[in-house]
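Some notes on the structure that comes next.
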Amino acid sequence: MKISLQWLQEFVDLEETPQQLAEDLTMAGLEVEGIAEVDGDTIFEIGVTPNRPDWLSHLGVSRELAALYGREVRVPEIGVKEGDLPVEAMSSVEIENPDACPRYSARVISGVKLGPAPEKVRLRLEALGVRSINNVVDATNYVMLELGQPLHAFDYHRLRENRIVVRKAIAGEVMNTLDGQKRDLDAGDLLICDGLGPVALAGVMGGENSEVEDDTADLLLESACFDPVTIRKTSKRLGLSTEASYRFERGTDPSATTIAVNRLARLINEWAGGRVCSGVLDIHPRDEGERKVRFRPARINSLLGTEIKVDAMKSILAGLDLGPRKGKGGWWTVSVPGYRRDIVREEDVVEEVARIYGYQNVPVTMPVGRTVPVRPPEQRELILRVKSLLEADGFFETISYSYVSRPELDALGLTGGPEPVKILNPISEEMSVMRVSLLPGLLNSAQFNVSRRVEEIRLYEIGRVFLPCNACNIAEERIRVSGVMAGTRRPKTWYGESEKADFFDVKGVVENLLRGLGINDISFSEVEMPYLQAGQGAWAMVDNQPVGPVGTLNPDTGERYGIKGWSGCFELDLHRFQDEAMKITPYKAIPKFPEVLRDLALIVPPMVKAGEIEKTAMGTGGNLRAVNVFDEYRGKGVPAGHRSLAFALHFQSPERTLTDEEVDRDMAGILKVLKKKFGVELR
């Protein structure tokens with residue numbers, strides 16, 4: 001909002017520079033975002049918080065400055081020269097919904113002559129970003145900026161039956177607003193009506209059928225107080241925000257309606273002539289009464305950590321027009337004016353004292369108390385370890401929304417079971433269901449990077465998924481770690497060509513992760529997933545229990561997200577291996593004796609997996625400490641459908657150096673077991 005320094009000086013004496021005023025207002029909570037010079041005036045651009053609608057006027061800001069500097073506020077002249085004709089003879093006001101309109105004040109003025117407003121007024125409005133229209137409309141805008149009360153002027157003779165009725169809309173009603181738009185009304189909208197139908201959308205915008213035109217001579221002036229929630233709902237539903245709705249949504253002072261309408265009548269009388277009917281039509285079915293809030297000076301000092309004297313607090317609160325009075329038992333009471341809708345409890349009074357006393361004057365002290373070291377929860381500790389391991393492997397963390405689109409889950413084949421949990425009020429169709437997997441968010445992040453020519457992708461996310469449960473009313477939440485990778489195993493360099501990545505790269509990432517967590521009983525079992533390429537998907541297993549899928553994305557899925565070439569992914573349930581990962585790893589001494597390495601080449605039948613051979617070999621006992629496959633061959637010398645697998649076997653004893661005879665004996669025992677179980681042959 002824009003505020004004029006010259007206008008402020010009409011309300012309060014100011015000697016400070018604009019820069020000093022801006023600093024002091026900002027420190028008091030009314031942030032000055034900019035200062036500009038316009039036609040010899042200084043204009044402040046201020047940011048008003050939603051709880052302080054009283055700052056949306058020059059009088060409101062003047063009150064703040066007067067409190068800060070201990071000065072008096074001069075209020076505008078509101079006295080009106082009235083004619084003999086009573087306003088009751090000209091019109092009437094009826095409020096059908098007092099909850100939505102607690103007060104409505106109106107005056108009638110006849111014989112006005114429309115024309116331009118005084119030059120000083122036009123220049124002042126334009127400096128504040130308000131277009132000058134004519135002396136009547138300019139007067140309504142002028143008083144709104146001056147006092148903070150939105151106002152409206154109706155053409156008196158265009159009000160059928162010359163009366164006002166405030167009521168809720170009837171579903172299906174329509175009206176044309178001043179912007180020329182046809183508005184379909186809802187039963188929750190509040191209307192200003194004449195004797196036959198709507199003439200204004202209350203608190204938002206007037207109607208075309210009661211607009212002040214060039215030949216208008218008689219006016220009905222409106223000054224009302226409306227329920228903020230009602231106005232906000234209408235404004236948001238229609239996508240129609242105005243200076244009036246902006247103020248009414250935040251709340252206006254019910255006691256200021258008569259002051260504002262009198263001020264408006266005075267200015268129109270000065271600028272456009274005419275005769276003001278005597279009296280004000282002031283309807284307020286409910287009297288809000290005086291609001292009082294109790295506070296304790298000792299509590300103020302306790303919360304602020306200050307030693308402000310009671311007399312100083314009393315002076316501050318009196319300067320804010322809160323009228324502090326001493327009660328019993330250390331309690332005091334303030335009387336809250338209608339324009340201070342934000343003061344409702346003791347802590348609000350504490351804030352007022354702190355603002356005017358100066359936050360910069362509140363001492364800065366360190367909190368005192370015992371600090372007890374607390375070990376983080378195991379799951380949190382596990383998550384930190386997982387992050388560290390993946391980032392050491394070249395992955396970057398992403399964070400995505402927990403909401404995804406149903407078609408995206410369908411495309412990945414993730415909706416074969418119960419229906420995903422639906423969002424009752426989704427932001428958009430792209431965020432209509434809770435995610436059952438982290439992969440959609442990761443793939444969208446990958447697509448974002450690919451579209452910006454990032455070729456090497458290593459992304460991971462740790463987050464919750466929401467698995468639907470038919471037997472219960474709420475979703476089952478699980479924490480998973482998921483990753484997506486694409487690109488090459490090794491980029492091209494001066495010393496070598498690039499290498500294409502494949503299934504074993506993403507499998508290796510999962511193995512490194514699990515082994516880094518201290519888990520050694522790792523295996524993989526083939527699995528088919530809709531989003532994985534056939535024959536290149538597997539369950540990662542810990543202690544023979546599946547913890548999640550890993551594999552190569554099928555080409556269709558990759559292309560859907562703009563990924564060219566190979567891409568892989570994994571998704572693991574943390575809770576499935578949390579216990580294993582959090583076990584304390586026992587200490588093992590470094591072996592004192594050398595190991596013996598032997599190679600074993602086998603002709604393997606078609607359905608036998610290398611992992612099964614490794615696991616069986618390790619289970620034979622003896623001095624075998626490790627086994628791993630290092631070569632695969634199909635071709636000449638190998639029967640059709642079979643393959644040759646070469647394994648490296650590591651033998652070692654913690655007690656002595658092994659002899660060749662001992663190793664030969666172990667090798668023979670291993671080969672005997674493998675032949676019997678899998679039908680392999682020595683190559």
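We label chains A, B, ... in the order they appear in the structure tokens, count residues from 1 in each chain, and number ligands from 1 in the order shown.
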Per residue of segment 161-270 of chain A within 10 Å of segment 128-134 of chain A, note the shortest atom pair and the distance in Å to one decimal, counting only C-alpha atoms, and order the rows by chain and increasing residue number, as JSON lines.
{"residue": "A:Val212", "atom": "CA", "partner": "A:Asn134", "partner_atom": "CA", "distance": 9.9}
{"residue": "A:Glu213", "atom": "CA", "partner": "A:Asn134", "partner_atom": "CA", "distance": 9.9}
{"residue": "A:Asp214", "atom": "CA", "partner": "A:Asn134", "partner_atom": "CA", "distance": 9.2}
Just-selected residues, C-alpha atoms written as a tab-separated table (two decimals), in the first residue's frame:
chain	number	residue	atom	x	y	z
A	212	VAL	CA	-23.31	6.97	-10.76
A	213	GLU	CA	-23.44	8.50	-14.25
A	214	ASP	CA	-22.81	11.95	-15.71
Using only C-alpha atoms, what does the table of segment 158-245 of chain A residues within 12 Å of segment 53-67 of chain A look like, with each row giving the shortest atom pair and its distance in Å to one decimal, sorted by chain and ascending number, as a tab-separated table?
residue	atom	partner	partner_atom	distance
A:Pro228	CA	A:Pro53	CA	11.2
A:Glu243	CA	A:Leu56	CA	10.0
A:Ala244	CA	A:Leu56	CA	10.8
A:Ser245	CA	A:Pro53	CA	11.7
Residue neighbourhood Val165 of chain A, 12 Å, only C-alpha atoms, exclusion window fewer than 2 positions, as a PyMOL selection string: chain A and resi 91-98+101+104+106+159-163+167-169+190-200+202+222+283
Selection from above, C-alpha atoms, as a CSV table (one decimal), in the first residue's frame, can you write it?
chain,number,residue,atom,x,y,z
A,91,SER,CA,-34.9,6.0,2.1
A,92,SER,CA,-34.7,3.1,4.5
A,93,VAL,CA,-32.3,0.3,5.3
A,94,GLU,CA,-33.2,-3.3,6.2
A,95,ILE,CA,-30.6,-5.9,7.2
A,96,GLU,CA,-31.8,-9.5,6.8
A,97,ASN,CA,-28.5,-11.1,7.7
A,98,PRO,CA,-27.0,-9.3,10.7
A,101,CYS,CA,-23.6,-7.3,8.0
A,104,TYR,CA,-25.0,-0.4,7.7
A,106,ALA,CA,-26.3,5.6,4.8
A,159,LEU,CA,-32.6,2.4,-6.6
A,160,ARG,CA,-36.0,0.9,-7.1
A,161,GLU,CA,-38.4,1.9,-4.3
A,162,ASN,CA,-35.5,4.1,-3.1
A,163,ARG,CA,-34.5,1.7,-0.3
A,167,ARG,CA,-29.5,-10.1,2.2
A,168,LYS,CA,-27.9,-13.3,1.1
A,169,ALA,CA,-28.1,-14.2,-2.6
A,190,LEU,CA,-24.0,-11.2,0.4
A,191,LEU,CA,-25.9,-8.6,-1.7
A,192,ILE,CA,-26.9,-5.0,-1.4
A,193,CYS,CA,-30.4,-4.8,-3.0
A,194,ASP,CA,-33.0,-2.2,-3.7
A,195,GLY,CA,-36.7,-2.9,-3.4
A,196,LEU,CA,-36.6,-5.4,-6.3
A,197,GLY,CA,-33.2,-7.0,-6.7
A,198,PRO,CA,-29.4,-6.7,-6.3
A,199,VAL,CA,-27.6,-3.5,-6.9
A,200,ALA,CA,-24.1,-4.4,-5.5
A,202,ALA,CA,-21.5,-6.4,-0.8
A,222,GLU,CA,-23.1,3.6,1.8
A,283,ILE,CA,-28.8,0.2,11.3
Just how far from atom CA of Lys387 of chain A is atom CA of Leu467 of chain A, in Å to one decimal? 23.5 Å
Excluding Arg74 of chain A and its own-chain neighbours fewer than 3 positions away, which residues fall within 8 Å of it when counting only C-alpha atoms? Please give them as a list in words.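 Residues near the query, excluding close chain neighbours: Glu10, Phe11 and Val12 of chain A.
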From a DSSP calculation on the backbone, collect every residue of segment 346-545 of chain A in strand (DSSP E) and output the set as a PyMOL selection string. chain A and resi 396-397+403-404+433-434+457-467+476-486+488-490+499-500+522-526+532-542+545
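The residue set within 10 Å of Asn361 of chain A, counting only C-alpha atoms and dropping same-chain residues fewer than 6 places from it, reads A:Thr306, A:Ala354, A:Arg355.
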For Ala501 of chain A, work out the shell of residues within 7 Å, counting only C-alpha atoms and skipping chain neighbours fewer than 4 positions away, then give it as a VMD selection string. chain A and resid 487 to 489 505 566
In Å, how far is it from atom CA of Gly394 of chain A to atom CA of Ser525 of chain A?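 Taking atom CA of Gly394 of chain A and atom CA of Ser525 of chain A, their separation equals 25.8 Å.
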Can you check which residues of segment 30-98 of chain A DSSP gives as helix (DSSP H, G or I) on the backbone and send them as a JSON list (two decimals) with N, CA and C atoms, in the first residue's frame?
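Once written, part08.json looks like this:
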[["chain", "number", "residue", "atom", "x", "y", "z"],
["A", 53, "PRO", "N", -5.59, -4.49, 9.81],
["A", 53, "PRO", "CA", -6.29, -3.72, 8.76],
["A", 53, "PRO", "C", -6.34, -2.23, 9.07],
["A", 54, "ASP", "N", -6.13, -1.85, 10.34],
["A", 54, "ASP", "CA", -6.15, -0.42, 10.66],
["A", 54, "ASP", "C", -4.99, 0.33, 10.02],
["A", 55, "TRP", "N", -3.95, -0.37, 9.58],
["A", 55, "TRP", "CA", -2.82, 0.27, 8.91],
["A", 55, "TRP", "C", -3.12, 0.55, 7.43],
["A", 58, "HIS", "N", -4.31, 6.28, 6.05],
["A", 58, "HIS", "CA", -3.38, 7.30, 6.54],
["A", 58, "HIS", "C", -3.63, 7.60, 8.02],
["A", 59, "LEU", "N", -4.89, 7.56, 8.44],
["A", 59, "LEU", "CA", -5.17, 7.79, 9.85],
["A", 59, "LEU", "C", -4.57, 6.68, 10.70],
["A", 60, "GLY", "N", -4.65, 5.43, 10.24],
["A", 60, "GLY", "CA", -4.10, 4.31, 10.99],
["A", 60, "GLY", "C", -2.59, 4.41, 11.15],
["A", 61, "VAL", "N", -1.89, 4.77, 10.07],
["A", 61, "VAL", "CA", -0.44, 4.93, 10.15],
["A", 61, "VAL", "C", -0.09, 6.13, 11.02],
["A", 62, "SER", "N", -0.91, 7.17, 10.96],
["A", 62, "SER", "CA", -0.67, 8.35, 11.81],
["A", 62, "SER", "C", -0.80, 7.98, 13.28],
["A", 63, "ARG", "N", -1.78, 7.17, 13.62],
["A", 63, "ARG", "CA", -1.91, 6.72, 15.01],
["A", 63, "ARG", "C", -0.65, 5.99, 15.47],
["A", 64, "GLU", "N", -0.09, 5.17, 14.58],
["A", 64, "GLU", "CA", 1.12, 4.43, 14.92],
["A", 64, "GLU", "C", 2.28, 5.38, 15.17],
["A", 65, "LEU", "N", 2.44, 6.38, 14.31],
["A", 65, "LEU", "CA", 3.53, 7.34, 14.48],
["A", 65, "LEU", "C", 3.35, 8.17, 15.74],
["A", 66, "ALA", "N", 2.11, 8.54, 16.03],
["A", 66, "ALA", "CA", 1.85, 9.32, 17.24],
["A", 66, "ALA", "C", 2.21, 8.52, 18.48],
["A", 67, "ALA", "N", 1.92, 7.21, 18.47],
["A", 67, "ALA", "CA", 2.27, 6.36, 19.61],
["A", 67, "ALA", "C", 3.78, 6.21, 19.74],
["A", 68, "LEU", "N", 4.47, 6.10, 18.61],
["A", 68, "LEU", "CA", 5.92, 5.94, 18.65],
["A", 68, "LEU", "C", 6.62, 7.18, 19.18],
["A", 69, "TYR", "N", 6.12, 8.35, 18.79],
["A", 69, "TYR", "CA", 6.80, 9.59, 19.14],
["A", 69, "TYR", "C", 6.13, 10.36, 20.27],
["A", 87, "VAL", "N", -33.51, 12.24, 6.44],
["A", 87, "VAL", "CA", -33.12, 11.15, 5.57],
["A", 87, "VAL", "C", -34.16, 10.03, 5.60],
["A", 88, "GLU", "N", -34.89, 9.88, 6.71],
["A", 88, "GLU", "CA", -35.90, 8.84, 6.81],
["A", 88, "GLU", "C", -37.03, 9.02, 5.81],
["A", 89, "ALA", "N", -37.21, 10.27, 5.34],
["A", 89, "ALA", "CA", -38.25, 10.54, 4.35],
["A", 89, "ALA", "C", -37.81, 10.14, 2.94]]
Mind checking which residues fall within 12 Å of Val638 of chain A, counting only C-alpha atoms, ignoring those fewer than 2 positions away in the same chain, and posting them as a list in words? Ala601, Leu602, Ile603, Val604, Pro605, Pro606, Glu632, Tyr633, Arg634, Gly635, Lys636, Ala640, Gly641, His642, Arg643, Ser644, Leu645, Val680, Glu681, Leu682 and Arg683 of chain A
Pick from A:Asp253, A:Glu126, A:Glu571, A:Glu270 nearest to Ile3 of chain A, counting only C-alpha atoms: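 Looking at the shortest contact to Ile3 of chain A, the residue is A:Glu126.
Minimum atom-to-atom distances from A:Arg576, A:Lys677, A:Lys507, A:Arg515 to Thr616 of chain A were compared using only C-alpha atoms, and the lowest value belongs to A:Lys677.
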For each of A:Glu77, A:Asp393, A:Glu72, A:Glu208, take the minimum atom-to-atom distance to Val506 of chain A, counting only C-alpha atoms, then give the residue where this is smallest. A:Asp393
